[in-house]
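What follows is a short report on a single structure.
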Number of protein chains: 4
Amino acid sequence: MSGSEVRADVWIHEYITPWDIYSHGVARTLAYRRTPYQEMYIIETGAYGKALVLDGKWQSSTADEFLYHEPLVHPALLLHPTPRSVLILGGGEGATAREALRWKSMQRIVMIDIDGEVVAACREHLGEMHRGAFDDPRVELVIQDALAYLDDARQTFDVIISDLSDPIEEGPSFKLFTREYFEKARAALAPGGVFVVQAGPVSPVEMQLHCRLASTLRSVFAHTASLTTFVPTYAAPWSFIIGHDRPIDTRPDPAETDRRLAEQTTGGLRMLDGVTLLGLYQLPKHLRAAIAAEKQVYTLAEPPKFFGKGALPPAAGQPG
Amino acid sequence: MSGSEVRADVWIHEYITPWDIYSHGVARTLAYRRTPYQEMYIIETGAYGKALVLDGKWQSSTADEFLYHEPLVHPALLLHPTPRSVLILGGGEGATAREALRWKSMQRIVMIDIDGEVVAACREHLGEMHRGAFDDPRVELVIQDALAYLDDARQTFDVIISDLSDPIEEGPSFKLFTREYFEKARAALAPGGVFVVQAGPVSPVEMQLHCRLASTLRSVFAHTASLTTFVPTYAAPWSFIIGHDRPIDTRPDPAETDRRLAEQTTGGLRMLDGVTLLGLYQLPKHLRAAIAAEKQVYTLAEPPKFFGKGALPPAAGQPG
Amino acid sequence: MSGSEVRADVWIHEYITPWDIYSHGVARTLAYRRTPYQEMYIIETGAYGKALVLDGKWQSSTADEFLYHEPLVHPALLLHPTPRSVLILGGGEGATAREALRWKSMQRIVMIDIDGEVVAACREHLGEMHRGAFDDPRVELVIQDALAYLDDARQTFDVIISDLSDPIEEGPSFKLFTREYFEKARAALAPGGVFVVQAGPVSPVEMQLHCRLASTLRSVFAHTASLTTFVPTYAAPWSFIIGHDRPIDTRPDPAETDRRLAEQTTGGLRMLDGVTLLGLYQLPKHLRAAIAAEKQVYTLAEPPKFFGKGALPPAAGQPG
Amino acid sequence: MSGSEVRADVWIHEYITPWDIYSHGVARTLAYRRTPYQEMYIIETGAYGKALVLDGKWQSSTADEFLYHEPLVHPALLLHPTPRSVLILGGGEGATAREALRWKSMQRIVMIDIDGEVVAACREHLGEMHRGAFDDPRVELVIQDALAYLDDARQTFDVIISDLSDPIEEGPSFKLFTREYFEKARAALAPGGVFVVQAGPVSPVEMQLHCRLASTLRSVFAHTASLTTFVPTYAAPWSFIIGHDRPIDTRPDPAETDRRLAEQTTGGLRMLDGVTLLGLYQLPKHLRAAIAAEKQVYTLAEPPKFFGKGALPPAAGQPG
């Protein structure tokens, strides 16, 4: 890219903490919507391709989203012998569905997203992410509140993937990170089903959300396991937690993983294979200790209050 | 405004110089358009009201635009005994027309702007700026290139106001800051007509554009005069230059100005009156000296190359 | 300056308002001190020369400080027929003393600054600002709290210049912007003496400090007058207020001013002359109206609480 | 930390790429030095404790440096049966030495750093990092150019750790990332010795440095292995490469690692244990593929040219 193509007069500022800001220059705005739920930008960045920004918060970029979506989806599906149905809560970019569609056994993917305008814009502008997933006949898109959907769910699924944005206090999703919700998700699993939730950053200065989510999942599922990945634009190691009613092998044989992926998927994974999966499960010592020590459980009465990416300090006092 | 209302994850960064950046937090995006000519945002800021941003460059904000538009318009109109017609080049927000309409003698305002989509968005979202000017029957809006309009102009005007964005090299307007263009503008003036041009910043580290524009106008008009104002969001004193074929009194009697404004306008000016006008003409010593010393004239062969607000340094080298 | 010389990994961020930040890249840090009173940087900038930064707040830069110091000093001295003695409160850079020393009649300048370490660093690194003022035998530097000095002042002065930083609430100087203090300053004036105070920004969104200081000075002096200047790095028009016991001519004849400056000073002024002075006194209409309408007086019981340049919004809530 | 304690008018901006900037607010500057080699700040941050910043580039912070220093040191030492001597190139904070000192067999650590002033400042202000390592009689600090030291090295070492800052082109360290230098390091190893080098970021948009360093090490050592860690303040996964003349087990048994750490060290590791070590060696698929494909070798004739953290785009053109 030559210098003259670069334009960055508009910047997205993410408050990783109140004193540490990660800023991304906007080379070009591809789409802007103000929906009933949120403010959406789809932008072209200088180094990370296109990116989706919701309410000023970075969601994902085409250059590094595979480091998020592959470890969100495949470890859970690998825990099921033949995953045929998946429920995705959130996942508006379509990349989670894209990954699930790689499985040859897949017959039905239901994707629940509250904001149809955002999904439509992603469908139009982020082909690199969804790669046609929305057009696949196995995918059913339901524009609905995930909470309401789970309240009424009549179908069951082999795998349920919670791909929701972080539980900012004023945001719509914080209720979906509570024991009550996880119990509803568990009830919507078919026998042998697997649940996985994106579980926030796990940096030394901010890993409480993960630990409490792990504690909350332990109160619902017989077995849980945490995984960590690294998405550079998140400026922190990121995490997932799997809930399952059967034991989870956190030291899976790489050759066996590779064999299953070769047999059961259509291929095309960029980041995940047997060696990678083994690594994703090996959490560092301090994080394992913090997870084990945490006892608090998120409930509707005591839900998470997350600082999160993008939150802004309150305004200063006025002159007087 | 309480802290919880504040949102600023998106920021407009203006390069006042390559090493000095003025950043404005976007409380809310009111409109976004990608037109054939430019990228437009209309935003709500935290302290300065609503603002128009074109190609990432701050144009004007409702809280301080009167410090720009009043001294752009009224000093020129005061030099004419009974201004009946005005041609505005640029001025998409409608605020320049708004000011000209205050004159009771005004019969016809022609406003030329290249970008109809931007004008439409300003009309919809920036009522505080245009205050209905576009609906006034005396105002004729022409969506056209100002250069082309002047080439073919068959009418003449008592006052011509060049309210164009700064002459960034790649931008569309730099040709409009040359002797050739000023000569065309002069030819479109009625006898006794007055020409005024917004003439950029006049800070100690960046006043060359003003000085060369003054030199260029001197090569076209018998008499010229510079004025300076201060618009806080521009982070530099700002300037205008008037070209006229009659002598310009740069020490106008405040009482006489007040009398004429009272008689000849419908009132409502916030910043400009007799005392203010006297001040606008009194340039500081170093600036007067620089203007007097400048000999270079901008021509189509040697047009301005302005760093300007919002321009960005070229990109860095790549890793290797 | 070529690109390879540019370095800006460290930036000074000024909160002009809580939502508008003016950032200056640090090309090089020339001096750093943590004194008992404040944290000081003297930096080299990319465009504005060297700058003094106290507690993270921009004080002045070599490229544009003359636009502050000349109108601070000379209008007041011109109101005195033969200024022989000046008291400067604050003014650590030495530039205020530099200007006062231009007057041939000057015999004694007492400069009171609380922070000897900052003055020493300015003396060493900011020769462009003080230009040897500290070595002039007419200058007496007293390292003391200005409040304490005025409490005990036994001498009187022809002119007293309050060149203090803005009255941030937690800062040391806010008491010095109250009626009680202005009365002490008045008591330290010789007959016919003149008092001048730097009086903060006067932008449409922040002019309350100026208006209340004007009201406060009116409660102490028989006559007052406001002046405005524009220092680009302050990102707002800036102001001074003069207090005097004789009428102040706010429309001084430029020729007469030039004559007196020629006769009574050694010359060398860059910005100020007769024309400039006339302009400095012509405040815009909205500001004159706001000043006239303001009745509140700052007292020790009700001192100013200024947002000011550089103040930071309080921190955000913590994760939970 | 309460809001009123927060101060962030000075910010460190890191260009992670030319269009992505990670900014850290400076709560307080603890030390500043301009040495013959570089400009140093030791700062207190809001969230990440104290940090060392050299030439505007973030080096390490007390809150997350253990995620860098533990995986830099212990994997290499674990490859040696009884590490008795270590040579550290760079490592001015003393944290690398701190980790090496945990090994009971350790008899001699030679630490080579070019900048004695920086080491002295770290020793004084960053006790949390070095934890007394400089006072340990087994540690010998040599203030010297690492290149010169290796040229004359007469001793050999069980482990050599290259803990140098990234090879910015104008910086002093880029020669130390070449085959010629790695050969000198290899020559300074005792039989069975291990070499390890910090090897830069490994994000999808910037992993070339790592791949070429791996290729370069492969040209010198019989066996090599890459490891990755995540240090949040680096905003990218970070990497190390080990060079050895014996095969490296990249799937080490966690229990055996834990046993050796328990027997051979004094304990106290926060991040690294058997499980963590297993994870560090499991690189993601796309990175392994890129490393395997890279053939270019860095030599003194063709050294690395790294964009790197903190580098700044060249300045923009001037007004004209």
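Letters A, B, ... go to the chains of the structure tokens in the order shown; residues in each chain start at 1; ligands are counted from 1 in the same order.
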
Could you name the residues that touch Trp238 of chain A at 8 Å or less, counting only C-alpha atoms, but leaving out those on the same chain fewer than 2 positions away, as a PyMOL selection string? chain A and resi 199-202+228-231+234+236+240

Per DSSP on the backbone, what are the strand (DSSP E or B) residues of segment 135-276 of chain D, as a ChimeraX atom specification? /D:139-143,157-163,168,189-201,203,206,223-231,236-244,265

Could you take the residues named above and write them with C-alpha atoms, as a CSV table (one decimal), in the first residue's frame?
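To be explicit, this is the file written out as result-v7.csv:
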chain,number,residue,atom,x,y,z
D,139,VAL,CA,26.0,-12.0,38.7
D,140,GLU,CA,28.7,-10.1,36.8
D,141,LEU,CA,27.4,-7.0,35.0
D,142,VAL,CA,29.6,-5.9,32.1
D,143,ILE,CA,28.8,-2.5,30.5
D,157,PHE,CA,28.5,-20.7,28.8
D,158,ASP,CA,25.9,-23.4,29.2
D,159,VAL,CA,23.2,-21.0,28.0
D,160,ILE,CA,23.3,-17.8,26.1
D,161,ILE,CA,20.2,-15.6,26.1
D,162,SER,CA,19.7,-12.8,23.6
D,163,ASP,CA,17.4,-10.4,25.3
D,168,ILE,CA,15.1,-1.3,14.3
D,189,LEU,CA,28.6,-22.1,24.1
D,190,ALA,CA,30.0,-24.9,26.2
D,191,PRO,CA,29.4,-28.5,24.9
D,192,GLY,CA,25.7,-29.2,25.1
D,193,GLY,CA,25.0,-25.5,25.4
D,194,VAL,CA,21.7,-23.8,24.5
D,195,PHE,CA,21.1,-20.5,22.7
D,196,VAL,CA,17.8,-18.6,22.9
D,197,VAL,CA,16.8,-15.3,21.2
D,198,GLN,CA,13.7,-13.1,21.6
D,199,ALA,CA,12.3,-13.1,18.1
D,200,GLY,CA,9.7,-10.5,17.8
D,201,PRO,CA,5.9,-10.5,17.2
D,203,SER,CA,0.8,-11.8,14.4
D,206,GLU,CA,3.8,-9.2,11.1
D,223,HIS,CA,18.2,-28.0,15.8
D,224,THR,CA,15.8,-25.1,16.5
D,225,ALA,CA,12.4,-24.6,18.0
D,226,SER,CA,10.1,-21.7,18.2
D,227,LEU,CA,7.9,-20.8,21.2
D,228,THR,CA,5.2,-18.2,21.6
D,229,THR,CA,3.8,-16.3,24.5
D,230,PHE,CA,1.4,-13.5,25.0
D,231,VAL,CA,2.4,-10.2,26.7
D,236,ALA,CA,0.7,-9.2,19.5
D,237,PRO,CA,1.8,-12.7,20.4
D,238,TRP,CA,5.5,-12.7,21.0
D,239,SER,CA,8.1,-15.3,20.2
D,240,PHE,CA,11.4,-16.9,21.0
D,241,ILE,CA,13.7,-19.3,19.1
D,242,ILE,CA,16.0,-21.8,20.6
D,243,GLY,CA,19.1,-23.1,18.8
D,244,HIS,CA,20.7,-26.3,20.0
D,265,THR,CA,15.0,-24.4,41.0

Name the residues in contact with Val297 of chain A at a cut-off of 10 Å, using only C-alpha atoms, excluding same-chain residues fewer than 5 positions from it; report them as a PyMOL selection string. chain A and resi 178-179+211-219+302-304

Using only C-alpha atoms and a cut-off of 8 Å, which residues of chain B sit close to chain C? Please list them as JSON, numbers by chain. {"B": [8, 17, 18, 19, 20, 21, 22, 23, 24, 25, 45, 46, 47, 48, 63, 64, 203, 204, 205, 230, 231, 232, 233, 234, 235, 236, 237, 270, 271, 272, 273, 275, 276, 278, 279, 280, 281, 282, 283, 284, 285, 286, 287]}

Residue subset to file, keeping C-alpha atoms, as a compact mmCIF listing (two decimals), in the first residue's frame:
# COMPACT_ATOMS: atom_id res chain seq x y z
CA ALA B 8 -16.25 8.80 22.41
CA THR B 17 0.84 20.37 11.74
CA PRO B 18 2.47 16.97 11.16
CA TRP B 19 3.31 16.88 14.90
CA ASP B 20 0.30 18.53 16.46
CA ILE B 21 -3.06 16.80 16.37
CA TYR B 22 -6.37 18.21 17.49
CA SER B 23 -8.80 15.38 18.25
CA HIS B 24 -12.54 15.62 18.67
CA GLY B 25 -14.55 12.83 20.25
CA THR B 45 -19.55 16.40 19.55
CA GLY B 46 -19.31 16.68 23.31
CA ALA B 47 -18.62 20.39 23.65
CA TYR B 48 -18.97 22.05 20.25
CA ALA B 63 -20.91 26.14 18.64
CA ASP B 64 -18.31 28.31 16.97
CA SER B 203 -0.28 31.20 12.96
CA PRO B 204 3.43 31.97 13.28
CA VAL B 205 4.23 28.49 11.96
CA PHE B 230 -10.50 33.15 15.89
CA VAL B 231 -12.46 29.93 15.56
CA PRO B 232 -11.41 27.75 18.52
CA THR B 233 -11.88 24.40 16.77
CA TYR B 234 -9.47 25.50 14.03
CA ALA B 235 -6.64 25.74 16.58
CA ALA B 236 -5.16 28.72 14.76
CA PRO B 237 -6.23 32.28 14.01
CA ARG B 270 -23.77 37.35 17.51
CA MET B 271 -20.14 38.30 17.06
CA LEU B 272 -19.92 41.16 14.64
CA ASP B 273 -20.63 44.80 15.34
CA VAL B 275 -16.16 47.32 17.66
CA THR B 276 -15.58 43.77 16.45
CA LEU B 278 -12.52 47.43 13.88
CA GLY B 279 -10.64 44.63 15.64
CA LEU B 280 -10.87 42.21 12.71
CA TYR B 281 -8.93 44.60 10.49
CA GLN B 282 -6.07 45.21 12.98
CA LEU B 283 -3.63 42.47 12.07
CA PRO B 284 -0.63 41.88 14.31
CA LYS B 285 2.68 43.40 13.27
CA HIS B 286 4.48 40.19 12.27
CA LEU B 287 1.62 39.15 10.02

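Picture a line from atom CA of Lys104 of chain B to atom CA of Arg84 of chain B; it runs 8.6 Å.
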
Pick from C:His130, C:Arg33, C:Arg154, C:Arg98 nearest to Val73 of chain C, counting only C-alpha atoms: C:Arg98

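Comparing the minimum interatomic distances between Gln296 of chain C and each of C:Lys175, C:Arg28, C:His210, C:Lys50, counting only C-alpha atoms, we find that C:His210 sits nearest.
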
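Closest approach to Ile109 of chain A among A:Asp245, A:Glu70, A:Asp135, A:Asp258 is made by A:Asp135 (distances from only C-alpha atoms).
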
Which of segment 106-280 of chain B counts as alpha helix (DSSP H) under DSSP, as a ChimeraX atom specification please? /B:116-125,127-130,146-152,179-187,208-218,254-264,274-280
